[in-house]
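Data block for structure35.pdb (PDB, C-alpha atoms and all ligand atoms):
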```pdb
MODEL        1
ATOM      1  CA  MET G   2      49.163 164.835 116.977
ATOM      2  CA  ARG G   3      52.730 164.608 115.813
ATOM      3  CA  ILE G   4      55.185 166.415 117.947
ATOM      4  CA  TYR G   5      58.316 165.269 116.220
ATOM      5  CA  ASN G   6      59.435 166.771 113.001
ATOM      6  CA  PHE G   7      60.977 163.601 111.623
ATOM      7  CA  GLU G   8      60.837 163.002 107.927
ATOM      8  CA  GLU G   9      57.777 161.102 106.896
ATOM      9  CA  GLY G  10      58.403 157.385 107.166
ATOM     10  CA  ALA G  11      61.950 157.756 108.470
ATOM     11  CA  PRO G  12      62.536 155.580 111.508
ATOM     12  CA  ALA G  13      63.195 157.536 114.672
ATOM     13  CA  VAL G  14      66.782 157.101 115.757
ATOM     14  CA  ASN G  15      67.026 156.663 119.478
ATOM     15  CA  ALA G  16      69.897 157.701 121.686
ATOM     16  CA  ASP G  17      70.901 154.098 122.343
ATOM     17  CA  GLU G  18      71.522 153.561 118.645
ATOM     18  CA  ILE G  19      73.527 156.761 118.358
ATOM     19  CA  TYR G  20      75.906 155.716 121.133
ATOM     20  CA  MET G  21      76.033 152.114 119.962
ATOM     21  CA  LYS G  22      77.249 153.454 116.618
ATOM     22  CA  GLU G  23      80.108 155.130 118.474
ATOM     23  CA  ALA G  24      80.930 151.826 120.161
ATOM     24  CA  LEU G  25      80.800 150.161 116.743
ATOM     25  CA  LYS G  26      83.367 152.617 115.382
ATOM     26  CA  LEU G  27      85.721 151.477 118.150
ATOM     27  CA  ALA G  28      84.957 147.837 117.401
ATOM     28  CA  GLN G  29      85.891 148.540 113.783
ATOM     29  CA  LYS G  30      89.164 150.026 114.992
ATOM     30  CA  ALA G  31      89.861 146.845 116.947
ATOM     31  CA  TYR G  32      89.061 144.826 113.833
ATOM     32  CA  GLU G  33      91.574 146.820 111.801
ATOM     33  CA  GLU G  34      94.201 146.175 114.472
ATOM     34  CA  ASP G  35      93.499 142.447 114.365
ATOM     35  CA  GLU G  36      91.893 142.425 117.794
ATOM     36  CA  VAL G  37      88.570 140.723 118.561
ATOM     37  CA  PRO G  38      86.246 143.511 117.361
ATOM     38  CA  ILE G  39      84.461 144.762 120.434
ATOM     39  CA  GLY G  40      84.061 148.430 121.297
ATOM     40  CA  ALA G  41      82.592 150.282 124.262
ATOM     41  CA  VAL G  42      81.661 153.805 125.278
ATOM     42  CA  ILE G  43      80.419 155.199 128.567
ATOM     43  CA  VAL G  44      77.942 158.037 128.442
ATOM     44  CA  SER G  45      76.994 160.433 131.204
ATOM     45  CA  GLN G  46      74.396 163.152 130.705
ATOM     46  CA  GLY G  47      74.555 162.934 126.951
ATOM     47  CA  LYS G  48      78.323 163.010 126.790
ATOM     48  CA  ILE G  49      80.850 160.271 126.066
ATOM     49  CA  ILE G  50      83.233 160.216 129.030
ATOM     50  CA  GLY G  51      85.049 156.941 128.395
ATOM     51  CA  LYS G  52      85.911 154.821 125.378
ATOM     52  CA  GLY G  53      87.641 151.556 124.827
ATOM     53  CA  TYR G  54      88.164 148.700 122.468
ATOM     54  CA  ASN G  55      89.601 145.290 122.878
ATOM     55  CA  LEU G  56      93.402 145.382 123.251
ATOM     56  CA  THR G  57      94.193 141.919 124.547
ATOM     57  CA  GLU G  58      96.651 141.172 121.732
ATOM     58  CA  ARG G  59      98.482 144.471 121.718
ATOM     59  CA  LEU G  60      98.816 144.598 125.510
ATOM     60  CA  ASN G  61      99.269 140.848 125.993
ATOM     61  CA  ASP G  62      96.645 141.200 128.641
ATOM     62  CA  VAL G  63      93.566 138.996 128.881
ATOM     63  CA  THR G  64      91.861 141.641 130.993
ATOM     64  CA  ALA G  65      92.166 144.361 128.326
ATOM     65  CA  HIS G  66      88.560 144.051 127.185
ATOM     66  CA  ALA G  67      86.768 147.061 125.685
ATOM     67  CA  GLU G  68      84.582 147.525 128.763
ATOM     68  CA  MET G  69      87.547 147.467 131.161
ATOM     69  CA  GLN G  70      89.297 150.190 129.135
ATOM     70  CA  ALA G  71      86.111 152.249 129.087
ATOM     71  CA  PHE G  72      85.504 151.845 132.847
ATOM     72  CA  THR G  73      89.025 153.042 133.617
ATOM     73  CA  ALA G  74      88.779 155.974 131.199
ATOM     74  CA  ALA G  75      85.402 157.065 132.603
ATOM     75  CA  ALA G  76      86.606 156.794 136.216
ATOM     76  CA  ASN G  77      89.628 158.915 135.311
ATOM     77  CA  PHE G  78      87.349 161.470 133.678
ATOM     78  CA  ILE G  79      85.053 161.638 136.698
ATOM     79  CA  GLY G  80      87.879 161.474 139.199
ATOM     80  CA  GLY G  81      86.107 158.744 141.144
ATOM     81  CA  LYS G  82      85.622 155.015 140.846
ATOM     82  CA  TYR G  83      81.820 154.904 140.805
ATOM     83  CA  LEU G  84      80.028 155.398 137.516
ATOM     84  CA  LYS G  85      76.653 156.537 138.785
ATOM     85  CA  ASP G  86      74.450 158.304 136.183
ATOM     86  CA  CYS G  87      76.370 156.499 133.447
ATOM     87  CA  THR G  88      75.428 154.044 130.728
ATOM     88  CA  LEU G  89      77.814 151.516 129.247
ATOM     89  CA  TYR G  90      77.356 150.783 125.546
ATOM     90  CA  VAL G  91      79.187 147.731 124.347
ATOM     91  CA  THR G  92      78.885 145.998 120.989
ATOM     92  CA  VAL G  93      78.840 142.465 122.432
ATOM     93  CA  GLU G  94      77.308 141.116 125.633
ATOM     94  CA  PRO G  95      79.852 141.474 128.460
ATOM     95  CA  CYS G  96      81.764 138.462 129.751
ATOM     96  CA  VAL G  97      81.697 137.540 133.453
ATOM     97  CA  MET G  98      84.843 139.561 134.157
ATOM     98  CA  CYS G  99      83.410 142.756 132.683
ATOM     99  CA  ALA G 100      79.978 142.127 134.161
ATOM    100  CA  GLY G 101      81.693 141.685 137.534
ATOM    101  CA  ALA G 102      83.643 144.913 137.052
ATOM    102  CA  SER G 103      80.395 146.685 136.154
ATOM    103  CA  TYR G 104      79.029 145.553 139.512
ATOM    104  CA  TRP G 105      81.851 147.332 141.306
ATOM    105  CA  THR G 106      81.392 150.530 139.296
ATOM    106  CA  GLN G 107      77.701 150.649 140.312
ATOM    107  CA  ILE G 108      76.832 151.663 136.756
ATOM    108  CA  PRO G 109      73.037 151.825 136.545
ATOM    109  CA  ARG G 110      72.565 150.870 132.884
ATOM    110  CA  ILE G 111      74.244 148.579 130.378
ATOM    111  CA  VAL G 112      73.280 148.433 126.712
ATOM    112  CA  TYR G 113      74.786 145.771 124.498
ATOM    113  CA  GLY G 114      74.508 144.830 120.843
ATOM    114  CA  ALA G 115      75.021 141.184 119.971
ATOM    115  CA  LYS G 116      74.533 138.354 122.407
ATOM    116  CA  ASP G 117      77.541 136.155 123.129
ATOM    117  CA  GLU G 118      76.099 132.651 123.280
ATOM    118  CA  LYS G 119      79.405 131.095 124.326
ATOM    119  CA  ARG G 120      81.113 133.514 126.673
ATOM    120  CA  GLY G 121      78.482 136.041 127.627
ATOM    121  CA  TYR G 122      77.894 136.511 131.348
ATOM    122  CA  GLN G 123      74.364 135.142 131.019
ATOM    123  CA  VAL G 124      75.725 131.726 130.084
ATOM    124  CA  PHE G 125      77.704 131.566 133.306
ATOM    125  CA  ASN G 126      76.095 133.755 135.892
ATOM    126  CA  PRO G 127      73.289 136.191 135.123
ATOM    127  CA  LYS G 128      73.274 137.195 138.804
ATOM    128  CA  ILE G 129      76.703 138.805 138.500
ATOM    129  CA  ILE G 130      75.069 142.009 137.289
ATOM    130  CA  HIS G 131      74.115 144.390 140.079
ATOM    131  CA  PRO G 132      70.394 143.929 140.838
ATOM    132  CA  LYS G 133      69.796 147.641 140.304
ATOM    133  CA  THR G 134      71.531 147.726 136.929
ATOM    134  CA  GLN G 135      69.199 147.872 133.954
ATOM    135  CA  ILE G 136      70.240 145.753 130.978
ATOM    136  CA  VAL G 137      69.184 146.357 127.411
ATOM    137  CA  GLY G 138      70.343 143.895 124.764
ATOM    138  CA  GLY G 139      70.027 143.717 121.004
ATOM    139  CA  VAL G 140      70.724 147.343 120.046
ATOM    140  CA  LEU G 141      72.177 147.275 116.494
ATOM    141  CA  GLU G 142      72.567 143.563 117.099
ATOM    142  CA  GLN G 143      72.992 142.795 113.406
ATOM    143  CA  GLU G 144      75.909 145.177 112.805
ATOM    144  CA  CYS G 145      77.647 144.263 116.063
ATOM    145  CA  GLY G 146      77.363 140.522 115.430
ATOM    146  CA  GLU G 147      78.342 140.822 111.778
ATOM    147  CA  LEU G 148      81.705 142.330 112.646
ATOM    148  CA  MET G 149      82.453 139.464 115.027
ATOM    149  CA  LYS G 150      81.444 136.869 112.454
ATOM    150  CA  ARG G 151      83.627 138.499 109.808
ATOM    151  CA  PHE G 152      86.584 138.540 112.187
ATOM    152  CA  PHE G 153      86.360 134.901 113.194
ATOM    153  CA  LYS G 154      85.744 133.815 109.621
ATOM    154  CA  SER G 155      88.983 135.487 108.568
ATOM    155  CA  LYS G 156      90.798 133.571 111.317
ATOM    156  CA  ARG G 157      89.764 130.182 110.029
TER     157      ARG G 157
HETATM  158 ZN    ZN E 201      84.908 141.132 129.085
ENDMDL
END
```
Using structure tokens, write down the structure that the file contains.
Ligand SMILES: [Zn+2]
Amino acid sequence: MRIYNFEEGAPAVNADEIYMKEALKLAQKAYEEDEVPIGAVIVSQGKIIGKGYNLTERLNDVTAHAEMQAFTAAANFIGGKYLKDCTLYVTVEPCVMCAGASYWTQIPRIVYGAKDEKRGYQVFNPKIIHPKTQIVGGVLEQECGELMKRFFKSKR
């Protein structure tokens, strides 16, 4: 029995893809500002409570990664430093710094798009993620990775 009223043959869009698309919009914004195109959103109970995109060039700050901006914005929104009941959506696998920051936020779920084979946290230390944090990779991987490839190609 079908309980969903989706159009025949149309692929079901899941929530992770919907929020990843929002993160992608921010990555696109970074791209247009000549920043490494990575975007992030933090969602709590179906609502986006923090957003960020890479600003390392504009701020002259190597720590200004998309995830760091989003963590700060979400904590400000909540009025507390812990991001329990939240999910981080980020277009590219977090680096060790952001993965480490995610540990401190106690965020229970991280969803990323493209894998970062060179600087992703898994290359250096997969254990940096909190053992209770669920990780989902590869959501809209193609789109997320494509933007990065286009950016670095234009830099050559
Ligand atoms: Zn990072």
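With distances taken over all atoms listed in the file, G:Val137 is the one residue among G:Val124, G:Val93, G:Val137, G:Ile50 lying closest to Val112 of chain G.
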Exercise: segment 102-106 of chain G partners within 7 Å, only C-alpha atoms, chain neighbours under 5 positions left out, as a PyMOL selection string: chain G and resi 82-84+130-131
Please dump the current selection as a compact mmCIF listing (two decimals), keeping the file's coordinate frame; keep C-alpha atoms.
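For reference, result-v6.txt as written:
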```txt
# COMPACT_ATOMS: atom_id res chain seq x y z
CA LYS G 82 85.62 155.01 140.85
CA TYR G 83 81.82 154.90 140.80
CA LEU G 84 80.03 155.40 137.52
CA ILE G 130 75.07 142.01 137.29
CA HIS G 131 74.11 144.39 140.08
```
- prompt: G:Val37, G:Ile129, G:Met98, G:Met21: which is nearest Arg151 of chain G, counting all atoms listed in the file?
  reply: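 Nearest to Arg151 of chain G: G:Val37.
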Please determine an axis-aligned box that encloses all atoms of segment 91-104 of chain G listed in the file, with 6 Å added on each side, and express its centre and edge lengths in Å to one decimal as JSON.
```
{"center_x": 81.1, "center_y": 142.6, "center_z": 130.3, "size_x": 19.5, "size_y": 22.2, "size_z": 30.5}
```
Neighbouring residues of Tyr32 of chain G were defined as those with any atom within 8 Å, considering all atoms listed in the file; residues of the same chain fewer than 4 positions away were excluded. Please report them as a PDB file with C-alpha atoms, in the frame of the given file.
```
ATOM      1  CA  ALA G  28      84.957 147.837 117.401  1.00  0.00           C
ATOM      2  CA  GLU G  36      91.893 142.425 117.794  1.00  0.00           C
ATOM      3  CA  VAL G  37      88.570 140.723 118.561  1.00  0.00           C
ATOM      4  CA  PRO G  38      86.246 143.511 117.361  1.00  0.00           C
ATOM      5  CA  LEU G 148      81.705 142.330 112.646  1.00  0.00           C
ATOM      6  CA  PHE G 152      86.584 138.540 112.187  1.00  0.00           C
TER       7      PHE G 152
END
```
- prompt: Nearest to ligand ZN 201 (chain E): which of G:Ile136, G:Ala115, G:Met69, G:Ala41 is it, counting all atoms listed in the file?
  reply: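 Under the stated criterion, the closest residue is G:Met69.
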message: At a cut-off of 6 Å and counting all atoms listed in the file, what residues surround ligand ZN 201 (chain E)? Please answer as a ChimeraX atom specification.
response: /G:66,95-96,98-99
Write only C-alpha atoms for segment 9-117 of chain G from the block just shown, as a PDB file, in the first residue's frame.
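Saved the output as part01.pdb:
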```
ATOM      1  CA  GLU G   9       4.514   8.424  -9.920  1.00  0.00           C
ATOM      2  CA  GLY G  10       8.178   7.718 -10.520  1.00  0.00           C
ATOM      3  CA  ALA G  11       9.389  10.915  -8.869  1.00  0.00           C
ATOM      4  CA  PRO G  12      12.190  10.226  -6.421  1.00  0.00           C
ATOM      5  CA  ALA G  13      11.281  10.964  -2.830  1.00  0.00           C
ATOM      6  CA  VAL G  14      13.197  13.966  -1.584  1.00  0.00           C
ATOM      7  CA  ASN G  15      14.427  13.426   1.922  1.00  0.00           C
ATOM      8  CA  ALA G  16      14.967  16.068   4.552  1.00  0.00           C
ATOM      9  CA  ASP G  17      18.742  15.688   4.387  1.00  0.00           C
ATOM     10  CA  GLU G  18      18.718  16.700   0.737  1.00  0.00           C
ATOM     11  CA  ILE G  19      16.477  19.677   1.416  1.00  0.00           C
ATOM     12  CA  TYR G  20      18.847  21.073   4.041  1.00  0.00           C
ATOM     13  CA  MET G  21      21.937  20.183   2.035  1.00  0.00           C
ATOM     14  CA  LYS G  22      20.492  22.316  -0.762  1.00  0.00           C
ATOM     15  CA  GLU G  23      20.377  25.219   1.685  1.00  0.00           C
ATOM     16  CA  ALA G  24      24.019  24.596   2.572  1.00  0.00           C
ATOM     17  CA  LEU G  25      24.804  24.489  -1.149  1.00  0.00           C
ATOM     18  CA  LYS G  26      23.229  27.917  -1.642  1.00  0.00           C
ATOM     19  CA  LEU G  27      25.676  29.259   0.950  1.00  0.00           C
ATOM     20  CA  ALA G  28      28.561  27.460  -0.732  1.00  0.00           C
ATOM     21  CA  GLN G  29      27.538  29.164  -3.973  1.00  0.00           C
ATOM     22  CA  LYS G  30      27.617  32.496  -2.163  1.00  0.00           C
ATOM     23  CA  ALA G  31      31.155  31.754  -0.998  1.00  0.00           C
ATOM     24  CA  TYR G  32      32.079  30.856  -4.569  1.00  0.00           C
ATOM     25  CA  GLU G  33      30.773  34.191  -5.828  1.00  0.00           C
ATOM     26  CA  GLU G  34      32.847  35.968  -3.184  1.00  0.00           C
ATOM     27  CA  ASP G  35      35.963  34.091  -4.264  1.00  0.00           C
ATOM     28  CA  GLU G  36      36.085  32.022  -1.094  1.00  0.00           C
ATOM     29  CA  VAL G  37      36.578  28.243  -1.054  1.00  0.00           C
ATOM     30  CA  PRO G  38      32.958  27.217  -1.725  1.00  0.00           C
ATOM     31  CA  ILE G  39      31.784  25.468   1.399  1.00  0.00           C
ATOM     32  CA  GLY G  40      28.473  26.178   3.100  1.00  0.00           C
ATOM     33  CA  ALA G  41      26.846  24.940   6.294  1.00  0.00           C
ATOM     34  CA  VAL G  42      23.505  25.083   8.061  1.00  0.00           C
ATOM     35  CA  ILE G  43      22.442  23.850  11.475  1.00  0.00           C
ATOM     36  CA  VAL G  44      18.934  22.520  11.841  1.00  0.00           C
ATOM     37  CA  SER G  45      16.962  21.980  15.017  1.00  0.00           C
ATOM     38  CA  GLN G  46      13.443  20.562  14.983  1.00  0.00           C
ATOM     39  CA  GLY G  47      12.949  21.261  11.318  1.00  0.00           C
ATOM     40  CA  LYS G  48      14.218  24.810  11.501  1.00  0.00           C
ATOM     41  CA  ILE G  49      17.484  26.359  10.342  1.00  0.00           C
ATOM     42  CA  ILE G  50      18.992  28.059  13.394  1.00  0.00           C
ATOM     43  CA  GLY G  51      22.505  28.755  12.130  1.00  0.00           C
ATOM     44  CA  LYS G  52      24.145  29.349   8.768  1.00  0.00           C
ATOM     45  CA  GLY G  53      27.634  29.955   7.581  1.00  0.00           C
ATOM     46  CA  TYR G  54      29.952  29.880   4.645  1.00  0.00           C
ATOM     47  CA  ASN G  55      33.660  30.006   4.324  1.00  0.00           C
ATOM     48  CA  LEU G  56      35.032  33.500   5.030  1.00  0.00           C
ATOM     49  CA  THR G  57      38.730  32.862   5.497  1.00  0.00           C
ATOM     50  CA  GLU G  58      39.740  35.361   2.804  1.00  0.00           C
ATOM     51  CA  ARG G  59      37.401  38.165   3.757  1.00  0.00           C
ATOM     52  CA  LEU G  60      38.164  37.886   7.478  1.00  0.00           C
ATOM     53  CA  ASN G  61      41.837  36.973   7.061  1.00  0.00           C
ATOM     54  CA  ASP G  62      41.093  34.215   9.482  1.00  0.00           C
ATOM     55  CA  VAL G  63      42.027  30.582   8.911  1.00  0.00           C
ATOM     56  CA  THR G  64      39.422  29.532  11.456  1.00  0.00           C
ATOM     57  CA  ALA G  65      36.525  31.167   9.575  1.00  0.00           C
ATOM     58  CA  HIS G  66      35.269  27.909   8.090  1.00  0.00           C
ATOM     59  CA  ALA G  67      31.579  27.502   7.230  1.00  0.00           C
ATOM     60  CA  GLU G  68      30.977  25.116  10.130  1.00  0.00           C
ATOM     61  CA  MET G  69      32.586  27.448  12.683  1.00  0.00           C
ATOM     62  CA  GLN G  70      30.340  30.319  11.545  1.00  0.00           C
ATOM     63  CA  ALA G  71      27.299  28.058  11.735  1.00  0.00           C
ATOM     64  CA  PHE G  72      28.197  26.734  15.215  1.00  0.00           C
ATOM     65  CA  THR G  73      28.542  30.272  16.551  1.00  0.00           C
ATOM     66  CA  ALA G  74      25.301  31.425  14.916  1.00  0.00           C
ATOM     67  CA  ALA G  75      23.361  28.424  16.253  1.00  0.00           C
ATOM     68  CA  ALA G  76      24.767  28.848  19.777  1.00  0.00           C
ATOM     69  CA  ASN G  77      23.754  32.511  19.681  1.00  0.00           C
ATOM     70  CA  PHE G  78      20.275  31.522  18.539  1.00  0.00           C
ATOM     71  CA  ILE G  79      19.891  28.945  21.302  1.00  0.00           C
ATOM     72  CA  GLY G  80      21.566  31.096  23.917  1.00  0.00           C
ATOM     73  CA  GLY G  81      23.795  28.216  24.973  1.00  0.00           C
ATOM     74  CA  LYS G  82      26.953  26.570  23.728  1.00  0.00           C
ATOM     75  CA  TYR G  83      25.664  23.013  23.338  1.00  0.00           C
ATOM     76  CA  LEU G  84      23.906  22.063  20.132  1.00  0.00           C
ATOM     77  CA  LYS G  85      21.896  19.100  21.351  1.00  0.00           C
ATOM     78  CA  ASP G  86      18.969  18.080  19.086  1.00  0.00           C
ATOM     79  CA  CYS G  87      20.762  19.714  16.162  1.00  0.00           C
ATOM     80  CA  THR G  88      22.111  18.473  12.854  1.00  0.00           C
ATOM     81  CA  LEU G  89      24.983  20.089  11.005  1.00  0.00           C
ATOM     82  CA  TYR G  90      24.744  20.036   7.213  1.00  0.00           C
ATOM     83  CA  VAL G  91      27.947  20.915   5.459  1.00  0.00           C
ATOM     84  CA  THR G  92      28.744  20.615   1.765  1.00  0.00           C
ATOM     85  CA  VAL G  93      32.230  19.153   2.287  1.00  0.00           C
ATOM     86  CA  GLU G  94      33.541  16.748   4.916  1.00  0.00           C
ATOM     87  CA  PRO G  95      34.704  18.757   7.950  1.00  0.00           C
ATOM     88  CA  CYS G  96      38.397  19.310   8.618  1.00  0.00           C
ATOM     89  CA  VAL G  97      39.952  18.323  11.961  1.00  0.00           C
ATOM     90  CA  MET G  98      39.396  21.800  13.404  1.00  0.00           C
ATOM     91  CA  CYS G  99      35.674  21.783  12.644  1.00  0.00           C
ATOM     92  CA  ALA G 100      35.294  18.143  13.626  1.00  0.00           C
ATOM     93  CA  GLY G 101      36.993  19.025  16.920  1.00  0.00           C
ATOM     94  CA  ALA G 102      34.668  21.992  17.413  1.00  0.00           C
ATOM     95  CA  SER G 103      31.696  19.720  16.706  1.00  0.00           C
ATOM     96  CA  TYR G 104      32.900  17.516  19.555  1.00  0.00           C
ATOM     97  CA  TRP G 105      32.665  20.429  21.963  1.00  0.00           C
ATOM     98  CA  THR G 106      29.187  21.406  20.770  1.00  0.00           C
ATOM     99  CA  GLN G 107      27.940  17.852  21.467  1.00  0.00           C
ATOM    100  CA  ILE G 108      25.992  17.977  18.209  1.00  0.00           C
ATOM    101  CA  PRO G 109      24.423  14.545  17.722  1.00  0.00           C
ATOM    102  CA  ARG G 110      24.390  14.398  13.913  1.00  0.00           C
ATOM    103  CA  ILE G 111      26.584  15.608  11.072  1.00  0.00           C
ATOM    104  CA  VAL G 112      25.634  15.275   7.415  1.00  0.00           C
ATOM    105  CA  TYR G 113      28.162  16.152   4.750  1.00  0.00           C
ATOM    106  CA  GLY G 114      28.187  16.188   0.967  1.00  0.00           C
ATOM    107  CA  ALA G 115      31.517  15.592  -0.728  1.00  0.00           C
ATOM    108  CA  LYS G 116      34.401  13.788   0.887  1.00  0.00           C
ATOM    109  CA  ASP G 117      37.639  15.724   1.299  1.00  0.00           C
TER     110      ASP G 117
END
```
